[in-house]
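Trainee: Below you'll find target-v8.pdb; it's PDB, C-alpha atoms, pLDDT in the B column.
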```pdb
MODEL        1
ATOM      1  CA  MET A   1      17.077  -8.503 -23.215  1.00 79.00           C
ATOM      2  CA  LYS A   2      13.622  -7.020 -22.717  1.00 93.00           C
ATOM      3  CA  PRO A   3      11.563  -9.295 -20.439  1.00 97.00           C
ATOM      4  CA  GLU A   4       8.493 -10.918 -21.916  1.00 98.00           C
ATOM      5  CA  VAL A   5       6.883 -11.246 -18.475  1.00 98.00           C
ATOM      6  CA  VAL A   6       7.015  -8.826 -15.523  1.00 98.00           C
ATOM      7  CA  ILE A   7       5.835 -10.137 -12.161  1.00 98.00           C
ATOM      8  CA  PHE A   8       5.025  -7.796  -9.293  1.00 98.00           C
ATOM      9  CA  ASP A   9       4.663  -8.453  -5.613  1.00 98.00           C
ATOM     10  CA  MET A  10       1.500  -6.784  -4.294  1.00 98.00           C
ATOM     11  CA  ASP A  11       1.765  -5.516  -0.698  1.00 98.00           C
ATOM     12  CA  ASP A  12       4.343  -2.743  -0.321  1.00 98.00           C
ATOM     13  CA  VAL A  13       4.930  -2.656  -4.068  1.00 98.00           C
ATOM     14  CA  LEU A  14       1.528  -1.777  -5.552  1.00 98.00           C
ATOM     15  CA  CYS A  15       0.063  -0.602  -2.259  1.00 98.00           C
ATOM     16  CA  ARG A  16       1.166   0.115   1.276  1.00 98.00           C
ATOM     17  CA  TYR A  17       0.169  -2.681   3.629  1.00 98.00           C
ATOM     18  CA  ASP A  18      -0.202  -1.646   7.275  1.00 98.00           C
ATOM     19  CA  LEU A  19      -0.763  -4.559   9.657  1.00 98.00           C
ATOM     20  CA  GLY A  20      -1.343  -2.127  12.523  1.00 98.00           C
ATOM     21  CA  ARG A  21      -4.333  -0.622  10.727  1.00 98.00           C
ATOM     22  CA  ARG A  22      -5.685  -4.093  10.064  1.00 98.00           C
ATOM     23  CA  LEU A  23      -5.325  -5.065  13.710  1.00 98.00           C
ATOM     24  CA  ARG A  24      -7.133  -1.908  14.800  1.00 98.00           C
ATOM     25  CA  ALA A  25      -9.930  -2.588  12.314  1.00 98.00           C
ATOM     26  CA  LEU A  26     -10.294  -6.132  13.651  1.00 98.00           C
ATOM     27  CA  ALA A  27     -10.277  -4.754  17.193  1.00 98.00           C
ATOM     28  CA  ARG A  28     -13.218  -2.492  16.367  1.00 97.00           C
ATOM     29  CA  ILE A  29     -15.130  -5.417  14.900  1.00 97.00           C
ATOM     30  CA  THR A  30     -14.385  -7.965  17.636  1.00 97.00           C
ATOM     31  CA  GLY A  31     -13.931  -5.830  20.733  1.00 96.00           C
ATOM     32  CA  GLN A  32     -10.549  -7.459  21.359  1.00 97.00           C
ATOM     33  CA  MET A  33      -7.153  -5.872  21.883  1.00 98.00           C
ATOM     34  CA  PRO A  34      -4.922  -5.570  18.794  1.00 98.00           C
ATOM     35  CA  ARG A  35      -2.055  -7.350  20.563  1.00 98.00           C
ATOM     36  CA  ASP A  36      -4.312 -10.322  21.354  1.00 98.00           C
ATOM     37  CA  ILE A  37      -5.491 -10.509  17.768  1.00 98.00           C
ATOM     38  CA  ARG A  38      -1.917 -10.447  16.531  1.00 98.00           C
ATOM     39  CA  ALA A  39      -0.960 -13.213  18.962  1.00 98.00           C
ATOM     40  CA  ALA A  40      -3.886 -15.413  17.903  1.00 97.00           C
ATOM     41  CA  ILE A  41      -3.469 -15.010  14.146  1.00 97.00           C
ATOM     42  CA  TRP A  42      -0.036 -13.771  13.103  1.00 97.00           C
ATOM     43  CA  ASP A  43       2.295 -14.692  15.959  1.00 97.00           C
ATOM     44  CA  SER A  44       0.726 -18.158  16.200  1.00 97.00           C
ATOM     45  CA  GLY A  45       1.933 -19.111  12.723  1.00 96.00           C
ATOM     46  CA  PHE A  46      -1.601 -19.501  11.368  1.00 97.00           C
ATOM     47  CA  GLU A  47      -1.083 -17.080   8.496  1.00 97.00           C
ATOM     48  CA  ASP A  48       2.167 -18.799   7.515  1.00 96.00           C
ATOM     49  CA  VAL A  49       0.303 -22.113   7.365  1.00 97.00           C
ATOM     50  CA  ALA A  50      -2.449 -20.530   5.280  1.00 98.00           C
ATOM     51  CA  ASP A  51       0.072 -18.902   2.945  1.00 98.00           C
ATOM     52  CA  THR A  52       1.649 -22.310   2.290  1.00 97.00           C
ATOM     53  CA  GLY A  53      -1.621 -24.042   1.424  1.00 97.00           C
ATOM     54  CA  GLY A  54      -2.797 -25.293   4.817  1.00 97.00           C
ATOM     55  CA  TYR A  55      -6.328 -24.022   4.172  1.00 97.00           C
ATOM     56  CA  PRO A  56      -6.803 -24.010   0.398  1.00 96.00           C
ATOM     57  CA  ASP A  57     -10.551 -23.328   0.590  1.00 97.00           C
ATOM     58  CA  PRO A  58     -11.506 -19.708   1.406  1.00 98.00           C
ATOM     59  CA  ASP A  59     -14.415 -20.767   3.630  1.00 97.00           C
ATOM     60  CA  ASP A  60     -12.230 -23.180   5.611  1.00 97.00           C
ATOM     61  CA  TYR A  61      -9.615 -20.456   6.017  1.00 98.00           C
ATOM     62  CA  LEU A  62     -12.185 -17.941   7.274  1.00 98.00           C
ATOM     63  CA  ARG A  63     -13.680 -20.474   9.683  1.00 97.00           C
ATOM     64  CA  GLU A  64     -10.275 -21.264  11.173  1.00 97.00           C
ATOM     65  CA  PHE A  65      -9.425 -17.554  11.343  1.00 98.00           C
ATOM     66  CA  GLY A  66     -12.578 -17.039  13.414  1.00 97.00           C
ATOM     67  CA  GLN A  67     -11.965 -20.029  15.662  1.00 97.00           C
ATOM     68  CA  ARG A  68      -8.483 -18.831  16.516  1.00 96.00           C
ATOM     69  CA  LEU A  69      -9.802 -15.352  17.113  1.00 96.00           C
ATOM     70  CA  GLY A  70     -12.738 -16.526  19.206  1.00 95.00           C
ATOM     71  CA  PHE A  71     -15.009 -14.425  17.017  1.00 96.00           C
ATOM     72  CA  GLN A  72     -16.534 -15.721  13.798  1.00 95.00           C
ATOM     73  CA  LEU A  73     -15.979 -12.955  11.282  1.00 96.00           C
ATOM     74  CA  THR A  74     -18.188 -12.690   8.242  1.00 98.00           C
ATOM     75  CA  ARG A  75     -16.488 -12.597   4.875  1.00 98.00           C
ATOM     76  CA  ALA A  76     -17.464  -8.926   4.574  1.00 98.00           C
ATOM     77  CA  GLN A  77     -15.838  -8.118   7.928  1.00 98.00           C
ATOM     78  CA  TRP A  78     -12.642  -9.928   6.976  1.00 98.00           C
ATOM     79  CA  VAL A  79     -12.547  -8.068   3.655  1.00 98.00           C
ATOM     80  CA  GLU A  80     -13.242  -4.746   5.384  1.00 97.00           C
ATOM     81  CA  SER A  81     -10.328  -5.149   7.796  1.00 98.00           C
ATOM     82  CA  ARG A  82      -7.886  -6.337   5.094  1.00 98.00           C
ATOM     83  CA  ARG A  83      -8.903  -3.542   2.729  1.00 98.00           C
ATOM     84  CA  GLU A  84      -8.435  -0.924   5.440  1.00 97.00           C
ATOM     85  CA  ALA A  85      -4.785  -1.991   5.719  1.00 98.00           C
ATOM     86  CA  MET A  86      -4.141  -1.393   2.001  1.00 98.00           C
ATOM     87  CA  GLN A  87      -3.354   2.051   0.624  1.00 98.00           C
ATOM     88  CA  PRO A  88      -3.078   1.902  -3.185  1.00 98.00           C
ATOM     89  CA  TRP A  89      -0.102   3.581  -4.838  1.00 98.00           C
ATOM     90  CA  PRO A  90      -1.454   5.181  -8.049  1.00 98.00           C
ATOM     91  CA  ASP A  91       2.007   5.834  -9.502  1.00 98.00           C
ATOM     92  CA  MET A  92       2.911   2.138  -9.263  1.00 98.00           C
ATOM     93  CA  LEU A  93      -0.420   1.023 -10.697  1.00 98.00           C
ATOM     94  CA  ALA A  94       0.044   3.442 -13.593  1.00 98.00           C
ATOM     95  CA  LEU A  95       3.559   2.124 -14.180  1.00 98.00           C
ATOM     96  CA  ALA A  96       2.324  -1.479 -14.121  1.00 98.00           C
ATOM     97  CA  LYS A  97      -0.373  -0.571 -16.631  1.00 98.00           C
ATOM     98  CA  ALA A  98       2.217   1.012 -18.918  1.00 98.00           C
ATOM     99  CA  ILE A  99       4.421  -2.077 -18.711  1.00 98.00           C
ATOM    100  CA  GLY A 100       1.341  -4.230 -19.309  1.00 98.00           C
ATOM    101  CA  GLY A 101       0.949  -2.582 -22.693  1.00 97.00           C
ATOM    102  CA  GLN A 102       4.390  -3.885 -23.636  1.00 98.00           C
ATOM    103  CA  ALA A 103       4.671  -7.258 -21.852  1.00 98.00           C
ATOM    104  CA  ARG A 104       2.659  -9.845 -19.964  1.00 98.00           C
ATOM    105  CA  ILE A 105       2.212  -8.807 -16.344  1.00 98.00           C
ATOM    106  CA  ALA A 106       1.160 -10.733 -13.241  1.00 98.00           C
ATOM    107  CA  ILE A 107       1.121 -10.561  -9.453  1.00 98.00           C
ATOM    108  CA  TYR A 108       2.812 -13.104  -7.213  1.00 98.00           C
ATOM    109  CA  SER A 109       2.117 -12.585  -3.506  1.00 98.00           C
ATOM    110  CA  ASN A 110       2.580 -14.550  -0.295  1.00 98.00           C
ATOM    111  CA  ASN A 111      -1.077 -14.870   0.653  1.00 98.00           C
ATOM    112  CA  GLY A 112      -3.839 -17.350   1.326  1.00 97.00           C
ATOM    113  CA  PRO A 113      -7.035 -18.290  -0.507  1.00 98.00           C
ATOM    114  CA  LEU A 114      -9.356 -15.554   0.705  1.00 98.00           C
ATOM    115  CA  THR A 115      -7.030 -12.791  -0.449  1.00 98.00           C
ATOM    116  CA  LYS A 116      -7.075 -14.317  -3.915  1.00 97.00           C
ATOM    117  CA  ALA A 117     -10.819 -14.876  -3.934  1.00 97.00           C
ATOM    118  CA  ALA A 118     -11.626 -11.396  -2.618  1.00 98.00           C
ATOM    119  CA  LEU A 119      -8.984  -9.416  -4.503  1.00 98.00           C
ATOM    120  CA  PRO A 120     -11.533  -7.583  -6.712  1.00 97.00           C
ATOM    121  CA  GLU A 121     -13.134  -6.279  -3.503  1.00 97.00           C
ATOM    122  CA  LEU A 122      -9.890  -5.692  -1.616  1.00 97.00           C
ATOM    123  CA  PHE A 123      -7.988  -3.915  -4.357  1.00 98.00           C
ATOM    124  CA  PRO A 124     -10.181  -3.126  -7.374  1.00 97.00           C
ATOM    125  CA  ALA A 125      -7.601  -0.735  -8.823  1.00 97.00           C
ATOM    126  CA  CYS A 126      -5.189  -3.663  -8.972  1.00 97.00           C
ATOM    127  CA  THR A 127      -7.530  -6.123 -10.676  1.00 97.00           C
ATOM    128  CA  ALA A 128      -8.336  -3.413 -13.207  1.00 97.00           C
ATOM    129  CA  VAL A 129      -4.670  -3.554 -14.266  1.00 98.00           C
ATOM    130  CA  PHE A 130      -3.770  -7.221 -13.628  1.00 98.00           C
ATOM    131  CA  SER A 131      -5.758 -10.100 -15.066  1.00 96.00           C
ATOM    132  CA  GLU A 132      -3.310 -12.635 -13.623  1.00 98.00           C
ATOM    133  CA  HIS A 133      -2.670 -12.919  -9.895  1.00 97.00           C
ATOM    134  CA  TYR A 134      -1.034 -15.866  -8.175  1.00 98.00           C
ATOM    135  CA  HIS A 135      -0.695 -16.516  -4.455  1.00 98.00           C
ATOM    136  CA  SER A 136       1.730 -18.702  -2.557  1.00 98.00           C
ATOM    137  CA  TYR A 137      -0.929 -21.017  -1.082  1.00 98.00           C
ATOM    138  CA  GLU A 138      -1.555 -22.332  -4.614  1.00 97.00           C
ATOM    139  CA  PHE A 139       1.974 -23.765  -4.708  1.00 98.00           C
ATOM    140  CA  GLY A 140       2.233 -25.102  -1.152  1.00 97.00           C
ATOM    141  CA  MET A 141       5.243 -22.918  -0.400  1.00 97.00           C
ATOM    142  CA  LYS A 142       6.148 -19.266  -0.048  1.00 97.00           C
ATOM    143  CA  LYS A 143       8.638 -16.874  -1.469  1.00 98.00           C
ATOM    144  CA  PRO A 144      11.628 -16.771  -1.169  1.00 98.00           C
ATOM    145  CA  ASP A 145      11.876 -20.516  -1.837  1.00 98.00           C
ATOM    146  CA  PRO A 146      13.206 -20.801  -5.420  1.00 98.00           C
ATOM    147  CA  LYS A 147      10.949 -23.823  -5.922  1.00 98.00           C
ATOM    148  CA  SER A 148       7.915 -21.596  -5.457  1.00 98.00           C
ATOM    149  CA  PHE A 149       9.067 -19.496  -8.399  1.00 98.00           C
ATOM    150  CA  LEU A 150       9.611 -22.582 -10.520  1.00 98.00           C
ATOM    151  CA  LYS A 151       6.062 -23.712  -9.716  1.00 98.00           C
ATOM    152  CA  LEU A 152       4.846 -20.254 -10.690  1.00 98.00           C
ATOM    153  CA  MET A 153       6.712 -20.500 -13.983  1.00 98.00           C
ATOM    154  CA  GLU A 154       5.129 -23.873 -14.651  1.00 98.00           C
ATOM    155  CA  ARG A 155       1.654 -22.529 -13.884  1.00 97.00           C
ATOM    156  CA  MET A 156       2.207 -19.546 -16.145  1.00 98.00           C
ATOM    157  CA  GLY A 157       3.744 -21.649 -18.890  1.00 98.00           C
ATOM    158  CA  THR A 158       6.802 -19.475 -19.236  1.00 97.00           C
ATOM    159  CA  ASP A 159      10.574 -19.625 -18.837  1.00 97.00           C
ATOM    160  CA  PRO A 160      12.383 -17.966 -15.890  1.00 98.00           C
ATOM    161  CA  ALA A 161      14.888 -16.397 -18.268  1.00 97.00           C
ATOM    162  CA  ARG A 162      12.062 -14.416 -19.866  1.00 97.00           C
ATOM    163  CA  CYS A 163      10.798 -12.982 -16.563  1.00 98.00           C
ATOM    164  CA  TRP A 164      11.546  -9.987 -14.367  1.00 98.00           C
ATOM    165  CA  PHE A 165      10.377 -10.028 -10.749  1.00 98.00           C
ATOM    166  CA  ILE A 166       9.839  -6.975  -8.521  1.00 98.00           C
ATOM    167  CA  ASP A 167       9.518  -7.319  -4.721  1.00 98.00           C
ATOM    168  CA  ASP A 168      10.116  -5.136  -1.668  1.00 98.00           C
ATOM    169  CA  LYS A 169      11.832  -7.974   0.241  1.00 98.00           C
ATOM    170  CA  LYS A 170      15.442  -8.559  -0.768  1.00 98.00           C
ATOM    171  CA  SER A 171      15.222 -12.243   0.218  1.00 98.00           C
ATOM    172  CA  ASN A 172      12.356 -12.769  -2.234  1.00 98.00           C
ATOM    173  CA  VAL A 173      14.335 -11.162  -5.030  1.00 98.00           C
ATOM    174  CA  THR A 174      17.260 -13.449  -4.181  1.00 98.00           C
ATOM    175  CA  GLY A 175      14.957 -16.476  -4.351  1.00 98.00           C
ATOM    176  CA  ALA A 176      13.679 -15.369  -7.747  1.00 98.00           C
ATOM    177  CA  ARG A 177      17.211 -14.934  -9.059  1.00 98.00           C
ATOM    178  CA  LEU A 178      18.189 -18.385  -7.812  1.00 98.00           C
ATOM    179  CA  ALA A 179      15.251 -19.731  -9.843  1.00 98.00           C
ATOM    180  CA  GLY A 180      16.589 -17.997 -12.955  1.00 98.00           C
ATOM    181  CA  LEU A 181      14.471 -14.843 -13.062  1.00 98.00           C
ATOM    182  CA  ALA A 182      15.855 -11.333 -13.223  1.00 98.00           C
ATOM    183  CA  GLY A 183      14.971  -9.355 -10.111  1.00 98.00           C
ATOM    184  CA  HIS A 184      14.582  -5.860  -8.724  1.00 98.00           C
ATOM    185  CA  HIS A 185      14.551  -5.038  -5.011  1.00 98.00           C
ATOM    186  CA  PHE A 186      11.779  -2.456  -4.780  1.00 98.00           C
ATOM    187  CA  VAL A 187      12.340   0.588  -2.601  1.00 98.00           C
ATOM    188  CA  SER A 188      10.327   3.254  -4.382  1.00 98.00           C
ATOM    189  CA  HIS A 189       8.701   4.160  -7.677  1.00 98.00           C
ATOM    190  CA  GLU A 190      11.483   6.669  -8.314  1.00 97.00           C
ATOM    191  CA  GLN A 191      14.226   4.076  -7.849  1.00 97.00           C
ATOM    192  CA  LEU A 192      12.396   1.511  -9.965  1.00 98.00           C
ATOM    193  CA  LEU A 193      11.956   3.759 -13.000  1.00 97.00           C
ATOM    194  CA  PRO A 194      15.597   3.677 -14.212  1.00 97.00           C
ATOM    195  CA  ASP A 195      15.569  -0.139 -14.160  1.00 97.00           C
ATOM    196  CA  VAL A 196      12.232  -0.195 -16.016  1.00 98.00           C
ATOM    197  CA  ARG A 197      13.766   1.926 -18.752  1.00 97.00           C
ATOM    198  CA  ALA A 198      17.000  -0.071 -18.743  1.00 96.00           C
ATOM    199  CA  MET A 199      14.927  -3.183 -19.348  1.00 96.00           C
ATOM    200  CA  GLY A 200      13.611  -1.572 -22.530  1.00 96.00           C
ATOM    201  CA  PHE A 201      10.184  -0.371 -21.416  1.00 97.00           C
ATOM    202  CA  THR A 202       8.805   3.060 -22.176  1.00 94.00           C
ATOM    203  CA  THR A 203       6.977   4.880 -19.389  1.00 89.00           C
TER     204      THR A 203
ENDMDL
END
```
Output the file's structure in the form of structure tokens.
Mentor:
Amino acid sequence: MKPEVVIFDMDDVLCRYDLGRRLRALARITGQMPRDIRAAIWDSGFEDVADTGGYPDPDDYLREFGQRLGFQLTRAQWVESRREAMQPWPDMLALAKAIGGQARIAIYSNNGPLTKAALPELFPACTAVFSEHYHSYEFGMKKPDPKSFLKLMERMGTDPARCWFIDDKKSNVTGARLAGLAGHHFVSHEQLLPDVRAMGFTT
């Protein structure tokens, strides 16, 4: 059955996300060592808390990010460093656009409030294709928890059986399938194409 809704992960599906590049960008801005930045933000569990709704307001998130870093970033600096870590994949964006002409499409990503708020600045090529983007902080839990997918379905007003989910992490695809969605473990554009066509989409 051809899906009525196709949901894409963002990082490492629609673009390459390179944390090392982001850490180096933050190091240039703050004068700190990348390893210290990683310890303060990522290894501390802060981003996991943010991704599960611990800081639902973008300004509160940015303030806490700066406090943990010991350097109060501006919004523009935060956006600059996040954007530098993202390398868009034109072939995937073109494929998503083609699917979007035949079904409803959306993004579902494990991210916090500032990524959602700043997405038009971070990834304009993505927001040109996707009018719907959802982030885990909105649901108070992350992928791969099947309950997060059920909350997404409720927010979107659709049925899991009508949806196809594409993610680069196998565990997230498993979580989606447990929630009743069809799933594809993304490895590359080339390996995705046969499944796209098998699902009944023209490319």
Trainee: What residues come out when you apply the PyMOL selection byres ((chain A and resi 114-122) around 12) to this file, written as number ranges by chain?
Mentor: A: 10-11, 15, 17, 47, 50-51, 53, 55-65, 74-88, 107-113, 123-138
Trainee: Using the chain letters and residue numbers of this document, give as number ranges by chain the residues selected by the PyMOL selection byres ((chain A and resi 155-167) around 10).
Mentor: A: 1-14, 103-109, 132, 134, 138-139, 149-154, 168-174, 176-187, 192, 196, 199
Trainee: Pick the closest to Asp48 (chain A) from A:Arg68, A:Arg21, A:Lys142, A:Lys97: which is it, counting all atoms listed in the file?
Mentor: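 Among the listed residues, the smallest separation from Asp48 (chain A) belongs to A:Lys142.
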Trainee: Using the chain letters and numbers from the file, which residues does the PyMOL selection byres ((chain A and resi 29) around 10) grab, as a PyMOL selection string?
Mentor: chain A and resi 23-28+30-32+71+73+77-78+80-81
Trainee: Rounded to one decimal, what separation in Å do you get between CA of Ala94 (chain A) and CA of Ser188 (chain A)?
Mentor: 13.8 Å
Trainee: Let me make sure I understand: among A:Ile41, A:Met33, A:Leu193, A:Leu19, which one has the smallest atom-to-atom distance to Met92 (chain A) if we use all atoms listed in the file?
Mentor: A:Leu193
Trainee: Nearest to Gly66 (chain A): which of A:Ile37, A:Gly175, A:Ser148, A:Thr202 is it, counting all atoms listed in the file?
Mentor: A:Ile37
Trainee: CA of Gln72 (chain A) and CA of Phe46 (chain A), how far apart in Å?
Mentor: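 Atom-to-atom, CA of Phe46 (chain A) and CA of Gln72 (chain A) are spaced 15.6 Å apart.
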Trainee: Please indicate the distance in Å from CA of Gln67 (chain A) to CA of Arg35 (chain A), rounded to one decimal place.
Mentor: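 Computing it gives 16.8 Å between the two atoms.
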Trainee: Using the atoms already present, construct N, CA and C atoms for region 141-171 of chain A and hand them back as a compact mmCIF listing (two decimals), keeping the file's coordinate frame.
Mentor:
```txt
# COMPACT_ATOMS: atom_id res chain seq x y z
N MET A 141 4.00 -23.48 -0.95
CA MET A 141 5.24 -22.92 -0.40
C MET A 141 5.28 -21.44 -0.71
N LYS A 142 6.09 -20.71 0.06
CA LYS A 142 6.15 -19.27 -0.05
C LYS A 142 7.44 -18.79 -0.70
N LYS A 143 7.40 -17.58 -1.21
CA LYS A 143 8.64 -16.87 -1.47
C LYS A 143 9.37 -16.74 -0.12
N PRO A 144 10.66 -16.84 -0.06
CA PRO A 144 11.63 -16.77 -1.17
C PRO A 144 12.08 -18.12 -1.72
N ASP A 145 11.44 -19.20 -1.36
CA ASP A 145 11.88 -20.52 -1.84
C ASP A 145 11.94 -20.52 -3.36
N PRO A 146 13.11 -20.78 -3.95
CA PRO A 146 13.21 -20.80 -5.42
C PRO A 146 12.23 -21.78 -6.07
N LYS A 147 11.89 -22.86 -5.35
CA LYS A 147 10.95 -23.82 -5.92
C LYS A 147 9.57 -23.21 -6.13
N SER A 148 9.22 -22.24 -5.28
CA SER A 148 7.92 -21.60 -5.46
C SER A 148 7.88 -20.82 -6.77
N PHE A 149 9.00 -20.22 -7.13
CA PHE A 149 9.07 -19.50 -8.40
C PHE A 149 9.02 -20.45 -9.58
N LEU A 150 9.65 -21.60 -9.43
CA LEU A 150 9.61 -22.58 -10.52
C LEU A 150 8.19 -23.12 -10.71
N LYS A 151 7.47 -23.29 -9.60
CA LYS A 151 6.06 -23.71 -9.72
C LYS A 151 5.23 -22.62 -10.37
N LEU A 152 5.53 -21.37 -10.05
CA LEU A 152 4.85 -20.25 -10.69
C LEU A 152 5.11 -20.25 -12.18
N MET A 153 6.36 -20.47 -12.57
CA MET A 153 6.71 -20.50 -13.98
C MET A 153 5.95 -21.61 -14.71
N GLU A 154 5.86 -22.75 -14.05
CA GLU A 154 5.13 -23.87 -14.65
C GLU A 154 3.65 -23.53 -14.82
N ARG A 155 3.06 -22.90 -13.80
CA ARG A 155 1.65 -22.53 -13.88
C ARG A 155 1.42 -21.51 -15.00
N MET A 156 2.36 -20.59 -15.13
CA MET A 156 2.21 -19.55 -16.14
C MET A 156 2.61 -20.01 -17.54
N GLY A 157 3.31 -21.14 -17.60
CA GLY A 157 3.74 -21.65 -18.89
C GLY A 157 4.81 -20.80 -19.53
N THR A 158 5.75 -20.32 -18.71
CA THR A 158 6.80 -19.48 -19.24
C THR A 158 8.15 -19.91 -18.69
N ASP A 159 9.20 -19.28 -19.20
CA ASP A 159 10.57 -19.62 -18.84
C ASP A 159 11.13 -18.56 -17.89
N PRO A 160 11.82 -18.96 -16.81
CA PRO A 160 12.38 -17.97 -15.89
C PRO A 160 13.25 -16.92 -16.57
N ALA A 161 13.98 -17.32 -17.60
CA ALA A 161 14.89 -16.40 -18.27
C ALA A 161 14.15 -15.26 -18.99
N ARG A 162 12.86 -15.44 -19.18
CA ARG A 162 12.06 -14.42 -19.87
C ARG A 162 11.37 -13.47 -18.89
N CYS A 163 11.59 -13.68 -17.58
CA CYS A 163 10.80 -12.98 -16.56
C CYS A 163 11.63 -12.03 -15.71
N TRP A 164 10.97 -10.97 -15.29
CA TRP A 164 11.55 -9.99 -14.37
C TRP A 164 10.61 -9.87 -13.17
N PHE A 165 11.17 -10.01 -11.98
CA PHE A 165 10.38 -10.03 -10.75
C PHE A 165 10.72 -8.83 -9.87
N ILE A 166 9.68 -8.19 -9.32
CA ILE A 166 9.84 -6.98 -8.52
C ILE A 166 9.21 -7.21 -7.16
N ASP A 167 10.01 -7.05 -6.08
CA ASP A 167 9.52 -7.32 -4.72
C ASP A 167 10.22 -6.39 -3.75
N ASP A 168 9.52 -6.02 -2.67
CA ASP A 168 10.12 -5.14 -1.67
C ASP A 168 11.03 -5.87 -0.70
N LYS A 169 10.97 -7.20 -0.66
CA LYS A 169 11.83 -7.97 0.24
C LYS A 169 13.03 -8.52 -0.54
N LYS A 170 14.21 -8.15 -0.07
CA LYS A 170 15.44 -8.56 -0.77
C LYS A 170 15.56 -10.08 -0.84
N SER A 171 15.13 -10.78 0.22
CA SER A 171 15.22 -12.24 0.22
C SER A 171 14.37 -12.86 -0.89
```
